[in-house]
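Written below as structure tokens is the structure these notes are about.
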Amino acid sequence: MRRYQWILAIVLAVAPGLAQPSDAREGARNSSEAQFFPASGERGMVSSQDALASRVGAQILASGGNAIDAAVATGFALAVTLPRAGNLGGGGFMMIHLAATGKTIAIDYREMAPSAASPEMFLTSDGDVDRTKILGSGLASGVPGTVAGLVHVQRRYGRLPLIDVLSPAIALARNGFKVPYALADSLEKSKKRLQADAGSAAYFYKPSGVVYVQGETLVQTDLADTLSRISKFGAEGFYQGAVAEKIVAQMARSGGVITRQDLKNYRVVEREPVCGNYREHQVCSMPPPSSGGIHLVQMLNILEGWNLRALGHNSADYIHRLAASMQRAYADRSQYLGDPDFVDVPQSRLTDKRYAESLRQQIDVKHAIASAEVAPGLREQRVESTETTHFSTWDAEGNAVSNTYTLNWAYGSGVAVIGAGFLLNNEMDDFAAKPGARNSYNLVGGEANAIAPAKRPLSSMTPALVFDKKGLPLLATGSPGGSTIITVVLQVVLNFLDFNMNIAEATAAPRIHYQWIPDQLYYEVGISKDTLHRLKNMGHNIGATPRRLGAANSIAAKPNGGTSGIADYRREDAAAVAESIRD
Ligand code: DON
């Protein structure tokens, strides 16, 4: 009889250095022999923003599920235990690597604009964007994609019956779970906004608005019923029938326009990943409607022209080149990116090495160039709290999943579907509601990202997979953080590949962020004062105070076999859980 002991290690974020022995430093990245193979007894790993959800994923691996089953189980569990970002009412992207065929697939389950959406729907009579409507009303929501996405991948690539991967989430919702620190803290901070909505007030607070404290039990019966319907009827249990009726009724109460037909029409799309070669490795991520993959590859292409290691990690010269590459990429993002089912995105040109070289030549390695002087680059073509969450799973066969999903803001629009127990997204703000107007991440956009019925808003989510020369997976990573997602993922990848850090070091290292508009270089605690001083002298506008940038929950192949996981210390309660067999 086989005996499982599934929590071999809970690698808590506060001790990132423990995740991997230091002899792994000269790791797989430099070895021509690098390849993934399971360590003896290891059955896989899950890294997510919530320890309970990571354990659910690990439990699924223990019961014979693969990395896809584990990812789906983790995704549904996070919808219960991490309501600020885990979700049924949002959407996201999943990268799947299948060991058996060597194939990598990009799953698009991004929200779609309702059929009644129009480019002017959020404009006031003065022509301004109505920020309350686009972020905090029924109109803020796109048609949710999460349930369709998770059920789709489970049915197509998973191994277990759907009911098995949903059961842990149903149990957590029905029996309740002990509220962890981060949830208690964020519910306290969000109480004004959430208690303004009858459903959210009832689901996430005690009577009279009393906030749960850490250790108290949160039961979500309506959510358990919704999950249970999904387990019985698949995606139809959400997009049709009783749950769909409740979503439509909620639209009537909160001024939204999602119809039964919009729900029925929701489609998951399997897309070709965007992949680029970076030095000896291949980096793959999401194509549009995410901007993540294109700009990750574009920035890597620009940076490939310099010997970054020789510059020194987080030196002023290194950060300057990072920021300059980010400036070019985000300028392009504002103009060329949108839903590829609606607009032509010049993907191959943006990810072309020659284009990167031309951008690199425009970069002054000694001085910052003001953003006002930098326009989107494909000139000849010019016609004129946030909260998300990332998790990674990996199984002993070498299947790997990198998933980022979101409600956009923490708790989305703040509107919960009464009777169905879940929150709705406010993803419509990721469209360019008006050309040139900034959204909540200070991102600007134009025609390519204008609102249209059934269109998917442009995203920055960047679930990424990195492969070695033989095409075997080395790293699964991704992050929340709105506009900072792409630059956070870029730095995790560079730390891992160029600076030869193990995944714990690569995750913990202080980060910077720059996005063209505003012309500000943001940084985390740990970038030295001397470095900031030098950057200032080079002409950078340095953000006033340090910011916490992203939260990358990653898994990497260890050179000696098996995987090493890390949950980012930037979010309390995150955990990487390994599953293994012990005699
Ligand atoms: O899709 C996007 O790019 C945004 N809706 C992501 C929002 C986000 O990451 C908020 N989290 N920290």
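Ordered as shown in the structure tokens, chains take letters A, B, and onward, while each chain numbers its residues from 1 and ligands are numbered from 1 in the order shown.
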Taking only C-alpha atoms into account, produce a table as JSON lines in which each residue of region 310-360 of chain A with an atom at most 12 Å from an atom of region 433-444 of chain A appears once, together with its shortest atom pair and the distance in Å to one decimal, ordered by chain and rising number.
{"residue": "A:Tyr330", "atom": "CA", "partner": "A:Leu443", "partner_atom": "CA", "distance": 8.6}
{"residue": "A:Ala331", "atom": "CA", "partner": "A:Val444", "partner_atom": "CA", "distance": 9.1}
{"residue": "A:Asp332", "atom": "CA", "partner": "A:Val444", "partner_atom": "CA", "distance": 10.6}
{"residue": "A:Arg333", "atom": "CA", "partner": "A:Val444", "partner_atom": "CA", "distance": 8.5}
{"residue": "A:Ser334", "atom": "CA", "partner": "A:Val444", "partner_atom": "CA", "distance": 5.5}
{"residue": "A:Gln335", "atom": "CA", "partner": "A:Val444", "partner_atom": "CA", "distance": 8.4}
{"residue": "A:Tyr336", "atom": "CA", "partner": "A:Val444", "partner_atom": "CA", "distance": 11.3}
{"residue": "A:Leu337", "atom": "CA", "partner": "A:Val444", "partner_atom": "CA", "distance": 10.9}
{"residue": "A:Gly338", "atom": "CA", "partner": "A:Val444", "partner_atom": "CA", "distance": 11.9}
Contact check, region 125-217 of chain A to region 409-426 of chain A, at most 6 Å, counting only C-alpha atoms, closest pairs as a Markdown table:
| residue | atom | partner | partner_atom | distance |
| --- | --- | --- | --- | --- |
| A:Leu135 | CA | A:Asn426 | CA | 5.2 |
| A:Gly136 | CA | A:Ser413 | CA | 4.5 |
| A:Ala140 | CA | A:Asn426 | CA | 4.5 |
| A:Ser141 | CA | A:Asn426 | CA | 4.7 |
| A:Leu194 | CA | A:Gly414 | CA | 5.3 |
| A:Asp197 | CA | A:Val415 | CA | 5.9 |
| A:Gly199 | CA | A:Ala416 | CA | 5.0 |
| A:Ser200 | CA | A:Ala416 | CA | 5.2 |
Keeping C-alpha atoms for every residue in the selection just given, could you write it to a file as a tab-separated table (two decimals), in the first residue's frame?
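Once written, again36.tsv looks like this:
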chain	number	residue	atom	x	y	z
A	135	LEU	CA	-14.75	50.67	-11.13
A	136	GLY	CA	-17.56	50.31	-8.61
A	140	ALA	CA	-17.70	47.75	-14.20
A	141	SER	CA	-17.84	44.02	-14.87
A	194	LEU	CA	-17.53	46.32	0.61
A	197	ASP	CA	-22.86	46.51	-1.18
A	199	GLY	CA	-24.15	41.07	-0.85
A	200	SER	CA	-20.53	41.77	0.09
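The two atoms in question, CA of Leu61 (chain A) and CA of His152 (chain A), are spaced 18.8 Å apart.
Across A:Ala224, A:Ala509, A:Met428, A:Ala504, the tightest approach to ligand 1 is made by A:Met428 when counting only C-alpha atoms and all ligand atoms.
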Distance filter 7 Å around ligand 1, atoms: only C-alpha atoms and all ligand atoms, out as a ChimeraX atom specification: /A:385-388,406-410,427,430,458-461,480-483,485,550
